[in-house]
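Following: one structure in structure tokens, then a few remarks.
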Number of protein chains: 2
Amino acid sequence: MGRRKKSARPRPRREHLLEVTIELVAREGIDAVTHRRVAELARVPLGSTTYYFASRDEMLVEALKTFGRQEIAALQARLAELPGRRPSRRRYIDGLVDFLAPQLGDDHWRTVAQYTLLCEAARRPELEAVAREWNQAWWAMLEELFRALRAPDPVLEARMLLAMLDGFLVEQLAAPDPDFLSAVLRPALRRVFSRALSGAGS
Amino acid sequence: MGRRKKSARPRPRREHLLEVTIELVAREGIDAVTHRRVAELARVPLGSTTYYFASRDEMLVEALKTFGRQEIAALQARLAELPGRRPSRRRYIDGLVDFLAPQLGDDHWRTVAQYTLLCEAARRPELEAVAREWNQAWWAMLEELFRALRAPDPVLEARMLLAMLDGFLVEQLAAPDPDFLSAVLRPALRRVFSRALSGAGS
DNA sequence: AACTGATATGTACGTTTGTACAGTGCAAAC
DNA sequence: GTTTGCACTGTACAAACGTACATATCAGTT
């Protein structure tokens, strides 16, 4: 009935397999990643998984790496949307909250994948690089932010804020709190910014 | 030659299996946890693993739960060693640094296990409780700390500091920095304490 | 039309896995 | 000395697994 054949998946197979894999990691854990399960979810024959990847392990690592790099790219895309020099503090806070909010709701599973990646990187040297790049992308972004706000020590400030955000995300990962945004994150950000700008406690 | 039989492991078998399991989780990942591998490392026959646990999954979850509770207990033991009321800021900072330092070195694998537990808790309701208890133990400890130092807002302060510490640990998990303690953690703590006490930016 | 190389797939094989369970050893009860 | 009950173990097996590989499909070349 007018529906074109093969129009469903114009996307290259390999990338699709990687997407399915990373989603499986997040939703059911690394254990669940098997050739057969990935093939089933991706709606491709079993043979495809061994055609595109030399081994299960390569498939898994490749998926984690690709995912990590995608997250970094997404972060840097947001970076371009940052307001120019010396905007209001409030606007930055809103920006950060908007950035983190989906990770606690709709994109929750992506956050799970993110920290699973970090845990795995503790054991796999091949993933260290991605983890490092991810940190550096954040540091650069936050450092720039504090610099624009004329904070006295943007470098340390950025490292402290990133750690705090990471910590909040990890915490919400396991024990989510519906009021988190308004009850904790926003007040915390307000405090961080007002302190960093006043230059207190150097 | 004078060496006593069976003196090597007076400890109950079940606990020993749990210890081996959690160490395996940290060092080789959850994937590596199989009946046979655990039995081999624990030097017990394969049958023991099915005798003490109804399934592989129960073994794994039980190991994570037990480990989490042990960490909480260890934390609360340290809490008892906290200095009395109104001690020096410097002493608190040293205390926290001493507390975290082993987690970046000798006990690195325990930290890996800790955050693997949190990731797993995002998927397994049975582990949520442990994760929550762990957070609350820390909050209570840090809140008490800021209260003793007469900080204006000990509750928010504690949540912010815990998040920051969590973030630092996760970050060091994947991309360890040898100078982290002196270059980042100590300056960051100094700043946090001096700000919290001055009441800046409420 | 025949050939060629790249992409893709279905099947089959040897291993490893989780788990069931019959059996062993042994201390306490009778 | 026999029985009973419990802690424990070795073996066996079906299911699931990773992976190899012969085959299929097809676009481009000759």
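Numbering starts fresh at 1 for the residues of each chain in the structure tokens, the chains themselves are lettered A, B, ... in the order given, and ligands are numbered from 1 as they appear.
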Within 10 Å of chain A: residues of chain D, using only C-alpha atoms (C1' of nucleotides), as JSON, numbers by chain: {"D": [16, 17, 18, 19, 20]}
Neighbours of chain A in chain B at 6 Å, counting only C-alpha atoms, as a list in words: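 Selected residues: Asp31, Leu118, Ala121, Ala122, Glu128, Arg132, Ala163, Met164, Asp166, Gly167, Phe168, Leu173, Ala174, Ala175, Arg191, Ser194, Arg195 and Gly201 of chain B.
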Interface, chain A side, toward chain C (9 Å; only C-alpha atoms (C1' of nucleotides)) as number ranges by chain: A: 45-48, 51
Would you mind exporting the chosen residues as an mmCIF file, in the first residue's frame, restricted to C-alpha atoms?
data_model
loop_
_atom_site.group_PDB
_atom_site.id
_atom_site.type_symbol
_atom_site.label_atom_id
_atom_site.label_comp_id
_atom_site.auth_asym_id
_atom_site.auth_seq_id
_atom_site.Cartn_x
_atom_site.Cartn_y
_atom_site.Cartn_z
ATOM 1 C CA PRO A 45 20.383 -11.329 11.257
ATOM 2 C CA LEU A 46 22.817 -12.768 13.767
ATOM 3 C CA GLY A 47 25.583 -12.871 11.170
ATOM 4 C CA SER A 48 25.615 -9.088 10.880
ATOM 5 C CA TYR A 51 30.385 -9.138 10.238
#
Neighbour list for B:Arg69 as an MDAnalysis selection string, cut-off 9 Å, only C-alpha atoms (C1' of nucleotides), skip fewer than 4 positions in-chain: chainID B and resid 64:65 73:74 130 133:134
